[in-house]
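Enquirer: Before I ask anything, let me first share the structure, which is written out below as structure tokens.
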Amino acid sequence: MHVWHFGLILGAVVCSGIAQGQTVIEDFESSALDSRVMFQLPRFSGSTSGLLETKFNEGRVVRMPSPFSTLPGAGNQGYEVQFEYMWRRPGKWCRLTTFNTTSRPNPYVDINQKLRIDLWVNAPVRLAVGLREVAGTGAIGANGGSTGGIEWVANSGITGNNGQPDGQVLTGGVWQTVEIDLGAIPKGVLAPGQVLNFAGGNSMLNSFGGYVLEHLAFSCIDQHYSVHAVIDRVYMVP
């Protein structure tokens, strides 16, 4: 197993401390190294496998790379992801899905809380999440199933241009906390720029049951480059 060295990490932090009442969906601390936890391989999804080169297709638990994250609650392990966008293809994005993974599949989220993701990414990308509307409800992080329409969700920046979701821009080369305030997004009405139908949805958050985190959507900003990311934690705060 190799360990990645990222060089100087300056750090962009959204939160100033560990929030009270937070619920960790996954932090990979108790997972076996090299195992696949919560997320499938980047090219697993047929929705975006044709938009990615075959050269890189990494998804596994690793020791936290050096230098370590200085974000609040940082752990000793993370989930490493690596893929490469195809050259000159319109609408390039990666659907990093939780669909029926062996460990932590289809995790429930609370639509009235904030979803946070602590991660490092080597290059600027746009990030949105895919939330699947499911029939039932359950505890945060529990398996909510894989049946129901999917909506793309972000604080802002959802476009759907050329078939890619877009979303908020992540800074390359720093540890950062991405926060999507699900509670602040209007429910039961259209929310342009924040909610957009991906598969079987209606561009609204109006599920009769609950929601699961179906995927992270990494959208390409430039023509062609490799994306290398390490996810430290996925969690929710009130």
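Ordering of the structure tokens sets the chain letters (A, B, ...); residue numbers start at 1 within each chain; ligands are numbered from 1 in the order shown.
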So that I can check the surroundings of range 161-174 of chain A, please list as a VMD selection string every protein, DNA and RNA residue that reaches within 7 Å of it, counting only C-alpha atoms and ignoring chain neighbours fewer than 5 positions away.
Expert: chain A and resid 9 to 12 90 to 93 120 to 128 152 154 156 219
Enquirer: Give the helix (DSSP H, G or I) residues of range 6-174 of chain A, as DSSP finds them on the backbone, and put them as a PDB file with C-alpha atoms, in the first residue's frame.
Expert:
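The result, stored in result_8.pdb:
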ATOM      1  CA  SER A  49     -18.276   5.543 -16.438  1.00  0.00           C
ATOM      2  CA  GLY A  50     -18.264   6.575 -20.118  1.00  0.00           C
ATOM      3  CA  LEU A  51     -17.133  10.080 -19.129  1.00  0.00           C
ATOM      4  CA  ASN A 161     -25.487  22.207 -18.216  1.00  0.00           C
ATOM      5  CA  ASN A 162     -24.472  19.503 -20.704  1.00  0.00           C
ATOM      6  CA  GLY A 163     -25.897  16.944 -18.310  1.00  0.00           C
TER       7      GLY A 163
END
Enquirer: Calculated over only C-alpha atoms, which of the candidates A:Ser69, A:Ser207, A:Gln40, A:Asn76 has the smallest distance to Ser103 in chain A?
Expert: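 Of A:Ser69, A:Ser207, A:Gln40, A:Asn76, the one nearest Ser103 in chain A is A:Gln40, counting only C-alpha atoms.
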Enquirer: Counting only C-alpha atoms, which of A:Arg233, A:Arg89, A:His215, A:Lys55 gets nearest to Gly75 in chain A?
Expert: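 Of A:Arg233, A:Arg89, A:His215, A:Lys55, the one nearest Gly75 in chain A, counting only C-alpha atoms, is A:Arg233.
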Enquirer: Using only C-alpha atoms, which of A:Ala217, A:Val230, A:Ala142, A:Val237 sits nearest Gln77 in chain A?
Expert: A:Val230
Enquirer: Show which residues sit within 9 Å of Gly183 in chain A, as a PyMOL selection string. Count only C-alpha atoms, and ignore same-chain residues fewer than 4 positions away.
Expert: chain A and resi 110-114+187+238
Enquirer: Work out how far apart CA of Thr54 in chain A and CA of Gln82 in chain A are and give it in Å to one decimal.
Expert: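 So the two atoms, CA of Thr54 in chain A and CA of Gln82 in chain A, lie 10.9 Å apart.
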Enquirer: Taking the backbone alone, and naming residues the way the document does, which bits of range 14-204 of chain A are strand (DSSP E) by DSSP, as a VMD selection string?
Expert: chain A and resid 23 to 26 58 to 63 77 to 84 93 to 97 108 to 109 114 to 121 125 to 134 150 to 153 168 to 170 174 to 181 195 to 199
Enquirer: With only C-alpha atoms as the atoms that count, which of A:Phe28, A:Tyr235, A:Tyr108, A:Trp87 lies nearest to Val62 in chain A?
Expert: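 So, comparing all the options, the nearest one is A:Phe28.
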Enquirer: Can you measure CA of Asp118 in chain A to CA of Val61 in chain A for me? One decimal in Å is fine.
Expert: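 It comes out at 14.7 Å.
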Enquirer: When distances are computed from only C-alpha atoms, which of A:Thr147, A:Gln194, A:Gln223, A:Asn155 shows the smallest separation from Gly210 in chain A?
Expert: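 That would be A:Thr147, the residue with the smallest distance to Gly210 in chain A.
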Enquirer: Could you please determine the separation between CA of Ala199 in chain A and CA of Gly138 in chain A in Å, to one decimal place?
Expert: 22.5 Å
Enquirer: Using only C-alpha atoms, find the one residue out of A:Ser146, A:Ile117, A:Asp232, A:Arg88 that sits nearest to Arg63 in chain A.
Expert: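 Going through A:Ser146, A:Ile117, A:Asp232, A:Arg88 one by one, the smallest distance to Arg63 in chain A is for A:Asp232.
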Enquirer: Residues near Pro186 in chain A, anyone? I mean within 10 Å using only C-alpha atoms, not counting same-chain ones fewer than 6 positions away, as number ranges by chain.
Expert: A: 194-195, 204-206
Enquirer: Using C-alpha atoms, can you write the selected residues to a file as a short mmCIF file (atom, residue, chain, number, x, y, z; two decimals), in the first residue's frame?
Expert:
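This went into result_32.cif:
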data_model
loop_
_atom_site.label_atom_id
_atom_site.label_comp_id
_atom_site.auth_asym_id
_atom_site.auth_seq_id
_atom_site.Cartn_x
_atom_site.Cartn_y
_atom_site.Cartn_z
CA GLN A 194 -30.21 24.27 -5.36
CA VAL A 195 -32.30 21.26 -6.44
CA MET A 204 -38.13 19.47 -5.51
CA LEU A 205 -37.48 18.09 -2.05
CA ASN A 206 -40.90 16.63 -1.37
#
